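Student: Next up, structure20.txt (compact mmCIF, N, CA and C atoms).
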# COMPACT_ATOMS: atom_id res chain seq x y z
N MET O 12 -20.06 -9.63 -26.39
CA MET O 12 -18.75 -9.12 -26.03
C MET O 12 -18.50 -9.35 -24.55
N GLY O 13 -17.28 -9.72 -24.22
CA GLY O 13 -16.93 -9.99 -22.84
C GLY O 13 -16.66 -8.72 -22.05
N LEU O 14 -16.44 -8.89 -20.79
CA LEU O 14 -16.12 -7.80 -19.88
C LEU O 14 -14.71 -7.30 -20.16
N SER O 15 -14.52 -6.00 -20.21
CA SER O 15 -13.19 -5.45 -20.47
C SER O 15 -12.72 -4.65 -19.26
N PHE O 16 -11.41 -4.51 -19.16
CA PHE O 16 -10.81 -3.73 -18.08
C PHE O 16 -11.29 -2.28 -18.18
N ASN O 17 -11.34 -1.74 -19.39
CA ASN O 17 -11.81 -0.36 -19.58
C ASN O 17 -13.24 -0.19 -19.09
N ALA O 18 -14.09 -1.17 -19.35
CA ALA O 18 -15.48 -1.09 -18.90
C ALA O 18 -15.55 -1.06 -17.37
N ILE O 19 -14.70 -1.84 -16.71
CA ILE O 19 -14.68 -1.83 -15.24
C ILE O 19 -14.26 -0.46 -14.73
N LEU O 20 -13.20 0.10 -15.33
CA LEU O 20 -12.76 1.43 -14.92
C LEU O 20 -13.88 2.44 -15.10
N GLU O 21 -14.52 2.42 -16.25
CA GLU O 21 -15.59 3.37 -16.53
C GLU O 21 -16.76 3.20 -15.56
N ASP O 22 -17.07 1.96 -15.16
CA ASP O 22 -18.14 1.72 -14.18
C ASP O 22 -17.84 2.40 -12.85
N TYR O 23 -16.56 2.60 -12.55
CA TYR O 23 -16.14 3.27 -11.31
C TYR O 23 -15.85 4.75 -11.53
N GLY O 24 -16.22 5.27 -12.70
CA GLY O 24 -16.04 6.69 -12.96
C GLY O 24 -14.61 7.09 -13.29
N ILE O 25 -13.79 6.13 -13.70
CA ILE O 25 -12.39 6.40 -14.04
C ILE O 25 -12.23 6.30 -15.55
N LYS O 26 -11.72 7.36 -16.15
CA LYS O 26 -11.46 7.33 -17.59
C LYS O 26 -10.22 6.48 -17.86
N PRO O 27 -10.29 5.52 -18.75
CA PRO O 27 -9.11 4.68 -19.04
C PRO O 27 -7.89 5.49 -19.44
N SER O 28 -8.07 6.64 -20.07
CA SER O 28 -6.92 7.46 -20.46
C SER O 28 -6.22 8.08 -19.26
N ASP O 29 -6.85 8.05 -18.08
CA ASP O 29 -6.24 8.56 -16.84
C ASP O 29 -5.49 7.50 -16.07
N VAL O 30 -5.34 6.32 -16.66
CA VAL O 30 -4.73 5.19 -15.95
C VAL O 30 -3.45 4.74 -16.66
N ARG O 31 -2.40 4.51 -15.89
CA ARG O 31 -1.17 3.89 -16.39
C ARG O 31 -1.10 2.48 -15.82
N LEU O 32 -0.71 1.54 -16.66
CA LEU O 32 -0.59 0.15 -16.23
C LEU O 32 0.83 -0.11 -15.75
N LEU O 33 0.95 -0.70 -14.57
CA LEU O 33 2.26 -1.06 -14.02
C LEU O 33 2.28 -2.57 -13.81
N ARG O 34 3.31 -3.21 -14.30
CA ARG O 34 3.51 -4.65 -14.10
C ARG O 34 4.81 -4.82 -13.33
N HIS O 35 4.68 -5.09 -12.04
CA HIS O 35 5.83 -5.18 -11.15
C HIS O 35 6.45 -6.57 -11.20
N GLN O 36 7.76 -6.59 -11.42
CA GLN O 36 8.50 -7.84 -11.38
C GLN O 36 9.94 -7.54 -11.00
N THR O 37 10.65 -8.54 -10.53
CA THR O 37 12.07 -8.40 -10.21
C THR O 37 12.83 -9.52 -10.89
N LYS O 38 14.12 -9.29 -11.06
CA LYS O 38 14.97 -10.30 -11.67
C LYS O 38 15.98 -10.87 -10.69
N HIS O 39 15.88 -10.46 -9.44
CA HIS O 39 16.80 -10.98 -8.43
C HIS O 39 16.04 -11.92 -7.50
N GLY O 40 16.77 -12.72 -6.75
CA GLY O 40 16.14 -13.64 -5.81
C GLY O 40 15.62 -12.90 -4.59
N GLY O 41 14.98 -13.62 -3.71
CA GLY O 41 14.46 -13.03 -2.48
C GLY O 41 13.03 -12.57 -2.63
N ARG O 42 12.69 -11.52 -1.90
CA ARG O 42 11.33 -10.99 -1.96
C ARG O 42 11.00 -10.52 -3.37
N THR O 43 9.73 -10.59 -3.70
CA THR O 43 9.23 -10.11 -4.99
C THR O 43 8.07 -9.16 -4.73
N PRO O 44 7.70 -8.35 -5.71
CA PRO O 44 6.51 -7.53 -5.53
C PRO O 44 5.26 -8.36 -5.20
N TYR O 45 5.16 -9.55 -5.79
CA TYR O 45 4.03 -10.44 -5.48
C TYR O 45 4.02 -10.80 -3.99
N LEU O 46 5.17 -11.19 -3.45
CA LEU O 46 5.23 -11.55 -2.03
C LEU O 46 4.95 -10.35 -1.13
N LEU O 47 5.45 -9.18 -1.52
CA LEU O 47 5.12 -7.99 -0.73
C LEU O 47 3.63 -7.75 -0.73
N TRP O 48 3.01 -7.81 -1.91
CA TRP O 48 1.57 -7.58 -2.00
C TRP O 48 0.80 -8.59 -1.16
N ARG O 49 1.21 -9.85 -1.23
CA ARG O 49 0.49 -10.91 -0.52
C ARG O 49 0.74 -10.89 0.99
N ASP O 50 1.99 -10.66 1.41
CA ASP O 50 2.36 -10.85 2.82
C ASP O 50 2.66 -9.58 3.59
N TYR O 51 2.98 -8.50 2.90
CA TYR O 51 3.41 -7.25 3.55
C TYR O 51 2.90 -6.08 2.70
N HIS O 52 1.59 -5.88 2.76
CA HIS O 52 0.96 -4.92 1.86
C HIS O 52 1.52 -3.50 2.01
N ASP O 53 1.82 -3.08 3.24
CA ASP O 53 2.41 -1.75 3.42
C ASP O 53 3.75 -1.66 2.70
N GLY O 54 4.52 -2.74 2.71
CA GLY O 54 5.79 -2.77 1.99
C GLY O 54 5.57 -2.68 0.49
N PHE O 55 4.53 -3.32 -0.01
CA PHE O 55 4.20 -3.23 -1.43
C PHE O 55 3.85 -1.79 -1.81
N LEU O 56 3.02 -1.14 -0.98
CA LEU O 56 2.63 0.24 -1.27
C LEU O 56 3.85 1.16 -1.26
N LEU O 57 4.77 0.94 -0.33
CA LEU O 57 6.00 1.73 -0.30
C LEU O 57 6.82 1.48 -1.55
N TYR O 58 7.03 0.22 -1.89
CA TYR O 58 7.78 -0.14 -3.10
C TYR O 58 7.19 0.53 -4.33
N GLN O 59 5.88 0.44 -4.48
CA GLN O 59 5.21 1.01 -5.65
C GLN O 59 5.28 2.53 -5.67
N SER O 60 5.30 3.15 -4.50
CA SER O 60 5.25 4.61 -4.44
C SER O 60 6.56 5.28 -4.85
N ILE O 61 7.63 4.52 -4.96
CA ILE O 61 8.94 5.10 -5.25
C ILE O 61 9.34 4.77 -6.67
N GLN O 62 9.54 5.81 -7.46
CA GLN O 62 9.85 5.65 -8.87
C GLN O 62 11.04 6.53 -9.24
N THR O 63 11.75 6.13 -10.27
CA THR O 63 12.87 6.94 -10.73
C THR O 63 12.37 8.22 -11.38
N VAL O 64 13.18 9.24 -11.30
CA VAL O 64 12.84 10.52 -11.92
C VAL O 64 12.66 10.34 -13.42
N GLN O 65 13.45 9.44 -14.02
CA GLN O 65 13.35 9.20 -15.46
C GLN O 65 11.97 8.68 -15.86
N ASN O 66 11.27 8.02 -14.97
CA ASN O 66 9.94 7.48 -15.26
C ASN O 66 8.81 8.46 -14.97
N ARG O 67 9.14 9.62 -14.42
CA ARG O 67 8.10 10.54 -13.96
C ARG O 67 7.11 10.90 -15.06
N ALA O 68 7.59 11.33 -16.22
CA ALA O 68 6.67 11.75 -17.29
C ALA O 68 5.82 10.59 -17.79
N ARG O 69 6.43 9.41 -17.90
CA ARG O 69 5.70 8.24 -18.41
C ARG O 69 4.62 7.77 -17.44
N LEU O 70 4.86 7.95 -16.15
CA LEU O 70 3.92 7.45 -15.14
C LEU O 70 2.96 8.52 -14.62
N LYS O 71 3.11 9.74 -15.11
CA LYS O 71 2.26 10.82 -14.62
C LYS O 71 0.83 10.59 -15.07
N SER O 72 -0.02 10.36 -14.11
CA SER O 72 -1.45 10.16 -14.35
C SER O 72 -2.16 10.15 -13.00
N PRO O 73 -3.47 10.33 -12.99
CA PRO O 73 -4.18 10.30 -11.72
C PRO O 73 -4.29 8.91 -11.09
N TYR O 74 -4.13 7.85 -11.92
CA TYR O 74 -4.30 6.48 -11.42
C TYR O 74 -3.25 5.55 -11.99
N TRP O 75 -2.89 4.57 -11.16
CA TRP O 75 -2.07 3.44 -11.62
C TRP O 75 -2.88 2.16 -11.41
N ALA O 76 -2.96 1.34 -12.44
CA ALA O 76 -3.52 -0.01 -12.31
C ALA O 76 -2.33 -0.95 -12.18
N SER O 77 -2.24 -1.63 -11.06
CA SER O 77 -1.06 -2.42 -10.75
C SER O 77 -1.29 -3.91 -10.91
N PHE O 78 -0.28 -4.53 -11.48
CA PHE O 78 -0.24 -5.97 -11.68
C PHE O 78 1.10 -6.46 -11.14
N VAL O 79 1.13 -7.69 -10.63
CA VAL O 79 2.38 -8.30 -10.18
C VAL O 79 2.57 -9.63 -10.89
N VAL O 80 3.82 -10.01 -11.06
CA VAL O 80 4.15 -11.31 -11.64
C VAL O 80 4.09 -12.34 -10.52
N THR O 81 3.37 -13.42 -10.76
CA THR O 81 3.20 -14.49 -9.76
C THR O 81 4.39 -15.46 -9.83
N PRO O 82 4.51 -16.34 -8.84
CA PRO O 82 5.60 -17.33 -8.88
C PRO O 82 5.58 -18.21 -10.14
N SER O 83 4.40 -18.42 -10.73
CA SER O 83 4.31 -19.23 -11.95
C SER O 83 4.46 -18.38 -13.22
N GLN O 84 4.91 -17.13 -13.05
CA GLN O 84 5.14 -16.19 -14.14
C GLN O 84 3.86 -15.67 -14.78
N GLY O 85 2.72 -15.83 -14.11
CA GLY O 85 1.48 -15.22 -14.56
C GLY O 85 1.44 -13.75 -14.15
N THR O 86 0.38 -13.08 -14.56
CA THR O 86 0.20 -11.67 -14.20
C THR O 86 -1.10 -11.55 -13.42
N LEU O 87 -1.03 -10.94 -12.24
CA LEU O 87 -2.17 -10.83 -11.33
C LEU O 87 -2.50 -9.36 -11.10
N PHE O 88 -3.74 -8.97 -11.34
CA PHE O 88 -4.19 -7.60 -11.06
C PHE O 88 -4.31 -7.45 -9.55
N VAL O 89 -3.72 -6.37 -8.99
CA VAL O 89 -3.75 -6.17 -7.53
C VAL O 89 -4.43 -4.89 -7.10
N GLY O 90 -4.83 -4.03 -8.05
CA GLY O 90 -5.58 -2.85 -7.64
C GLY O 90 -5.37 -1.64 -8.52
N VAL O 91 -6.26 -0.67 -8.32
CA VAL O 91 -6.13 0.65 -8.95
C VAL O 91 -5.88 1.63 -7.81
N TYR O 92 -4.86 2.46 -7.99
CA TYR O 92 -4.43 3.37 -6.93
C TYR O 92 -4.44 4.80 -7.44
N GLY O 93 -5.00 5.71 -6.65
CA GLY O 93 -4.89 7.14 -6.95
C GLY O 93 -3.47 7.58 -6.68
N VAL O 94 -2.95 8.45 -7.55
CA VAL O 94 -1.54 8.83 -7.48
C VAL O 94 -1.37 10.34 -7.50
N GLU O 95 -0.44 10.82 -6.69
CA GLU O 95 0.00 12.21 -6.78
C GLU O 95 1.48 12.26 -6.39
N LEU O 96 2.21 13.15 -7.04
CA LEU O 96 3.63 13.30 -6.76
C LEU O 96 3.79 13.99 -5.41
N VAL O 97 4.58 13.38 -4.52
CA VAL O 97 4.84 13.95 -3.21
C VAL O 97 6.11 14.79 -3.25
N GLY O 98 7.11 14.32 -3.98
CA GLY O 98 8.37 15.03 -4.08
C GLY O 98 9.53 14.07 -3.95
N PRO O 99 10.71 14.59 -3.63
CA PRO O 99 11.88 13.72 -3.52
C PRO O 99 11.69 12.67 -2.43
N CYS O 100 12.27 11.53 -2.66
CA CYS O 100 12.19 10.44 -1.71
C CYS O 100 13.20 10.66 -0.59
N ASP O 101 12.80 10.35 0.61
CA ASP O 101 13.71 10.40 1.75
C ASP O 101 14.79 9.34 1.52
N PRO O 102 16.06 9.74 1.48
CA PRO O 102 17.13 8.77 1.21
C PRO O 102 17.30 7.72 2.30
N ASP O 103 16.67 7.92 3.46
CA ASP O 103 16.77 6.94 4.55
C ASP O 103 15.73 5.84 4.48
N ILE O 104 14.80 5.92 3.53
CA ILE O 104 13.79 4.87 3.38
C ILE O 104 14.48 3.57 2.97
N ILE O 105 14.05 2.48 3.57
CA ILE O 105 14.62 1.16 3.28
C ILE O 105 13.78 0.47 2.21
N ASP O 106 14.45 -0.04 1.19
CA ASP O 106 13.80 -0.79 0.12
C ASP O 106 13.15 -2.04 0.71
N PRO O 107 11.83 -2.19 0.61
CA PRO O 107 11.18 -3.35 1.21
C PRO O 107 11.49 -4.67 0.49
N LEU O 108 12.00 -4.61 -0.73
CA LEU O 108 12.37 -5.84 -1.44
C LEU O 108 13.72 -6.36 -0.98
N ARG O 109 14.69 -5.48 -0.89
CA ARG O 109 16.06 -5.89 -0.59
C ARG O 109 16.54 -5.57 0.81
N GLY O 110 15.79 -4.76 1.54
CA GLY O 110 16.20 -4.38 2.88
C GLY O 110 17.37 -3.41 2.89
N LEU O 111 17.56 -2.69 1.80
CA LEU O 111 18.68 -1.74 1.68
C LEU O 111 18.15 -0.33 1.49
N GLY O 112 18.93 0.66 1.92
CA GLY O 112 18.61 2.05 1.64
C GLY O 112 19.16 2.39 0.26
N ARG O 113 18.30 2.58 -0.71
CA ARG O 113 18.77 2.85 -2.07
C ARG O 113 17.90 3.84 -2.82
N PHE O 114 17.10 4.59 -2.11
CA PHE O 114 16.11 5.41 -2.79
C PHE O 114 16.49 6.87 -2.92
N GLY O 115 17.68 7.28 -2.50
CA GLY O 115 18.09 8.66 -2.68
C GLY O 115 18.03 9.06 -4.14
N GLY O 116 17.54 10.25 -4.43
CA GLY O 116 17.45 10.73 -5.80
C GLY O 116 16.23 10.25 -6.56
N ARG O 117 15.33 9.57 -5.92
CA ARG O 117 14.11 9.11 -6.58
C ARG O 117 12.93 9.96 -6.13
N SER O 118 11.83 9.80 -6.82
CA SER O 118 10.61 10.52 -6.49
C SER O 118 9.67 9.62 -5.71
N ARG O 119 8.82 10.25 -4.93
CA ARG O 119 7.85 9.50 -4.15
C ARG O 119 6.46 9.95 -4.53
N CYS O 120 5.59 8.99 -4.75
CA CYS O 120 4.18 9.25 -5.02
C CYS O 120 3.36 8.60 -3.93
N ARG O 121 2.12 9.02 -3.83
CA ARG O 121 1.22 8.33 -2.90
C ARG O 121 -0.12 8.18 -3.54
Could you write out this structure as structure tokens?
Tutor:
Amino acid sequence: MGLSFNAILEDYGIKPSDVRLLRHQTKHGGRTPYLLWRDYHDGFLLYQSIQTVQNRARLKSPYWASFVVTPSQGTLFVGVYGVELVGPCDPDIIDPLRGLGRFGGRSRCR
């Protein structure tokens, strides 16, 4: 049997049931989650930390395993992140993908 993602998580003491998988992609031109991850990691972490309130229940877990879509439309694993809800997002935060302030009414995790 080959190596599995669950086996890797378990080797690090993380129960697979405590992990939500996130596959970040965009449908607009310009910056992408892949480019943020590769070139502006702090921007990627900010982008990932902000989620809609509607997604809160679905994403509630101690860990997120994050993947990004590459320029060739592949999927690249970029890390496992510990997560906790911080609260409402500061509406003055600038979206690192689009350079716009659009996060009012969203939740922030870290």
Student: Which polymer residues have any atom within 8 Å of an atom of Pro82 (chain O), counting all atoms listed in the file, with same-chain residues fewer than 3 positions away left out, as an MDAnalysis selection string?
Tutor: chainID O and resid 45:46 79 85:86
Student: For those residues, write N, CA and C atoms to a file as an mmCIF file, in the frame of the given file.
Tutor:
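Output (again-v6.cif):
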data_model
loop_
_atom_site.group_PDB
_atom_site.id
_atom_site.type_symbol
_atom_site.label_atom_id
_atom_site.label_comp_id
_atom_site.auth_asym_id
_atom_site.auth_seq_id
_atom_site.Cartn_x
_atom_site.Cartn_y
_atom_site.Cartn_z
ATOM 1 N N TYR O 45 5.160 -9.550 -5.790
ATOM 2 C CA TYR O 45 4.030 -10.440 -5.480
ATOM 3 C C TYR O 45 4.020 -10.800 -3.990
ATOM 4 N N LEU O 46 5.170 -11.190 -3.450
ATOM 5 C CA LEU O 46 5.230 -11.550 -2.030
ATOM 6 C C LEU O 46 4.950 -10.350 -1.130
ATOM 7 N N VAL O 79 1.130 -7.690 -10.630
ATOM 8 C CA VAL O 79 2.380 -8.300 -10.180
ATOM 9 C C VAL O 79 2.570 -9.630 -10.890
ATOM 10 N N GLY O 85 2.720 -15.830 -14.110
ATOM 11 C CA GLY O 85 1.480 -15.220 -14.560
ATOM 12 C C GLY O 85 1.440 -13.750 -14.150
ATOM 13 N N THR O 86 0.380 -13.080 -14.560
ATOM 14 C CA THR O 86 0.200 -11.670 -14.200
ATOM 15 C C THR O 86 -1.100 -11.550 -13.420
#
Student: Choose the residue, out of O:Thr43, O:Asn17, O:Ser28, O:Gln62, that has the smallest atom-to-atom separation from Pro107 (chain O); count all atoms listed in the file.
Tutor: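 Using all atoms listed in the file, the shortest distance to Pro107 (chain O) belongs to O:Thr43.
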Student: Could you state the separation of atom N of Asp103 (chain O) and CA of Gly40 (chain O) in Å, given to one decimal place?
Tutor: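 That distance, rounded to one decimal, is 23.5 Å.
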Student: Quick one: of O:Asp50, O:Tyr74, O:Val64, O:Leu57, who's nearest to Asp29 (chain O), counting only N, CA and C atoms?
Tutor: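 Checking each of O:Asp50, O:Tyr74, O:Val64, O:Leu57 against Asp29 (chain O), counting only N, CA and C atoms, the winner is O:Tyr74.
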Student: Could you jot down the atom C of Tyr23 (chain O) to atom N of His35 (chain O) separation for me, Å, one decimal place?
Tutor: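 Result for atom C of Tyr23 (chain O) versus atom N of His35 (chain O): 22.8 Å, one decimal.
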Student: Could you tell me how far atom N of Val30 (chain O) lies from atom N of Arg49 (chain O), in Å and to one decimal?
Tutor: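 Separation between atom N of Val30 (chain O) and atom N of Arg49 (chain O): 23.3 Å.
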Student: Which of chain O end up as helix (DSSP H, G or I) when DSSP is run on this backbone - answer as an mmCIF file with N, CA and C atoms, in the coordinates of the input?
Tutor:
data_model
loop_
_atom_site.group_PDB
_atom_site.id
_atom_site.type_symbol
_atom_site.label_atom_id
_atom_site.label_comp_id
_atom_site.auth_asym_id
_atom_site.auth_seq_id
_atom_site.Cartn_x
_atom_site.Cartn_y
_atom_site.Cartn_z
ATOM 1 N N PHE O 16 -11.410 -4.510 -19.160
ATOM 2 C CA PHE O 16 -10.810 -3.730 -18.080
ATOM 3 C C PHE O 16 -11.290 -2.280 -18.180
ATOM 4 N N ASN O 17 -11.340 -1.740 -19.390
ATOM 5 C CA ASN O 17 -11.810 -0.360 -19.580
ATOM 6 C C ASN O 17 -13.240 -0.190 -19.090
ATOM 7 N N ALA O 18 -14.090 -1.170 -19.350
ATOM 8 C CA ALA O 18 -15.480 -1.090 -18.900
ATOM 9 C C ALA O 18 -15.550 -1.060 -17.370
ATOM 10 N N ILE O 19 -14.700 -1.840 -16.710
ATOM 11 C CA ILE O 19 -14.680 -1.830 -15.240
ATOM 12 C C ILE O 19 -14.260 -0.460 -14.730
ATOM 13 N N LEU O 20 -13.200 0.100 -15.330
ATOM 14 C CA LEU O 20 -12.760 1.430 -14.920
ATOM 15 C C LEU O 20 -13.880 2.440 -15.100
ATOM 16 N N GLU O 21 -14.520 2.420 -16.250
ATOM 17 C CA GLU O 21 -15.590 3.370 -16.530
ATOM 18 C C GLU O 21 -16.760 3.200 -15.560
ATOM 19 N N ASP O 22 -17.070 1.960 -15.160
ATOM 20 C CA ASP O 22 -18.140 1.720 -14.180
ATOM 21 C C ASP O 22 -17.840 2.400 -12.850
ATOM 22 N N PRO O 27 -10.290 5.520 -18.750
ATOM 23 C CA PRO O 27 -9.110 4.680 -19.040
ATOM 24 C C PRO O 27 -7.890 5.490 -19.440
ATOM 25 N N SER O 28 -8.070 6.640 -20.070
ATOM 26 C CA SER O 28 -6.920 7.460 -20.460
ATOM 27 C C SER O 28 -6.220 8.080 -19.260
ATOM 28 N N ASP O 29 -6.850 8.050 -18.080
ATOM 29 C CA ASP O 29 -6.240 8.560 -16.840
ATOM 30 C C ASP O 29 -5.490 7.500 -16.070
ATOM 31 N N PRO O 44 7.700 -8.350 -5.710
ATOM 32 C CA PRO O 44 6.510 -7.530 -5.530
ATOM 33 C C PRO O 44 5.260 -8.360 -5.200
ATOM 34 N N TYR O 45 5.160 -9.550 -5.790
ATOM 35 C CA TYR O 45 4.030 -10.440 -5.480
ATOM 36 C C TYR O 45 4.020 -10.800 -3.990
ATOM 37 N N LEU O 46 5.170 -11.190 -3.450
ATOM 38 C CA LEU O 46 5.230 -11.550 -2.030
ATOM 39 C C LEU O 46 4.950 -10.350 -1.130
ATOM 40 N N LEU O 47 5.450 -9.180 -1.520
ATOM 41 C CA LEU O 47 5.120 -7.990 -0.730
ATOM 42 C C LEU O 47 3.630 -7.750 -0.730
ATOM 43 N N TRP O 48 3.010 -7.810 -1.910
ATOM 44 C CA TRP O 48 1.570 -7.580 -2.000
ATOM 45 C C TRP O 48 0.800 -8.590 -1.160
ATOM 46 N N ARG O 49 1.210 -9.850 -1.230
ATOM 47 C CA ARG O 49 0.490 -10.910 -0.520
ATOM 48 C C ARG O 49 0.740 -10.890 0.990
ATOM 49 N N ASP O 50 1.990 -10.660 1.410
ATOM 50 C CA ASP O 50 2.360 -10.850 2.820
ATOM 51 C C ASP O 50 2.660 -9.580 3.590
ATOM 52 N N HIS O 52 1.590 -5.880 2.760
ATOM 53 C CA HIS O 52 0.960 -4.920 1.860
ATOM 54 C C HIS O 52 1.520 -3.500 2.010
ATOM 55 N N ASP O 53 1.820 -3.080 3.240
ATOM 56 C CA ASP O 53 2.410 -1.750 3.420
ATOM 57 C C ASP O 53 3.750 -1.660 2.700
ATOM 58 N N GLY O 54 4.520 -2.740 2.710
ATOM 59 C CA GLY O 54 5.790 -2.770 1.990
ATOM 60 C C GLY O 54 5.570 -2.680 0.490
ATOM 61 N N PHE O 55 4.530 -3.320 -0.010
ATOM 62 C CA PHE O 55 4.200 -3.230 -1.430
ATOM 63 C C PHE O 55 3.850 -1.790 -1.810
ATOM 64 N N LEU O 56 3.020 -1.140 -0.980
ATOM 65 C CA LEU O 56 2.630 0.240 -1.270
ATOM 66 C C LEU O 56 3.850 1.160 -1.260
ATOM 67 N N LEU O 57 4.770 0.940 -0.330
ATOM 68 C CA LEU O 57 6.000 1.730 -0.300
ATOM 69 C C LEU O 57 6.820 1.480 -1.550
ATOM 70 N N TYR O 58 7.030 0.220 -1.890
ATOM 71 C CA TYR O 58 7.780 -0.140 -3.100
ATOM 72 C C TYR O 58 7.190 0.530 -4.330
ATOM 73 N N GLN O 59 5.880 0.440 -4.480
ATOM 74 C CA GLN O 59 5.210 1.010 -5.650
ATOM 75 C C GLN O 59 5.280 2.530 -5.670
ATOM 76 N N SER O 60 5.300 3.150 -4.500
ATOM 77 C CA SER O 60 5.250 4.610 -4.440
ATOM 78 C C SER O 60 6.560 5.280 -4.850
ATOM 79 N N VAL O 64 13.180 9.240 -11.300
ATOM 80 C CA VAL O 64 12.840 10.520 -11.920
ATOM 81 C C VAL O 64 12.660 10.340 -13.420
ATOM 82 N N GLN O 65 13.450 9.440 -14.020
ATOM 83 C CA GLN O 65 13.350 9.200 -15.460
ATOM 84 C C GLN O 65 11.970 8.680 -15.860
ATOM 85 N N ASN O 66 11.270 8.020 -14.970
ATOM 86 C CA ASN O 66 9.940 7.480 -15.260
ATOM 87 C C ASN O 66 8.810 8.460 -14.970
ATOM 88 N N ARG O 67 9.140 9.620 -14.420
ATOM 89 C CA ARG O 67 8.100 10.540 -13.960
ATOM 90 C C ARG O 67 7.110 10.900 -15.060
ATOM 91 N N ALA O 68 7.590 11.330 -16.220
ATOM 92 C CA ALA O 68 6.670 11.750 -17.290
ATOM 93 C C ALA O 68 5.820 10.590 -17.790
ATOM 94 N N ARG O 69 6.430 9.410 -17.900
ATOM 95 C CA ARG O 69 5.700 8.240 -18.410
ATOM 96 C C ARG O 69 4.620 7.770 -17.440
ATOM 97 N N LEU O 70 4.860 7.950 -16.150
ATOM 98 C CA LEU O 70 3.920 7.450 -15.140
ATOM 99 C C LEU O 70 2.960 8.520 -14.620
#
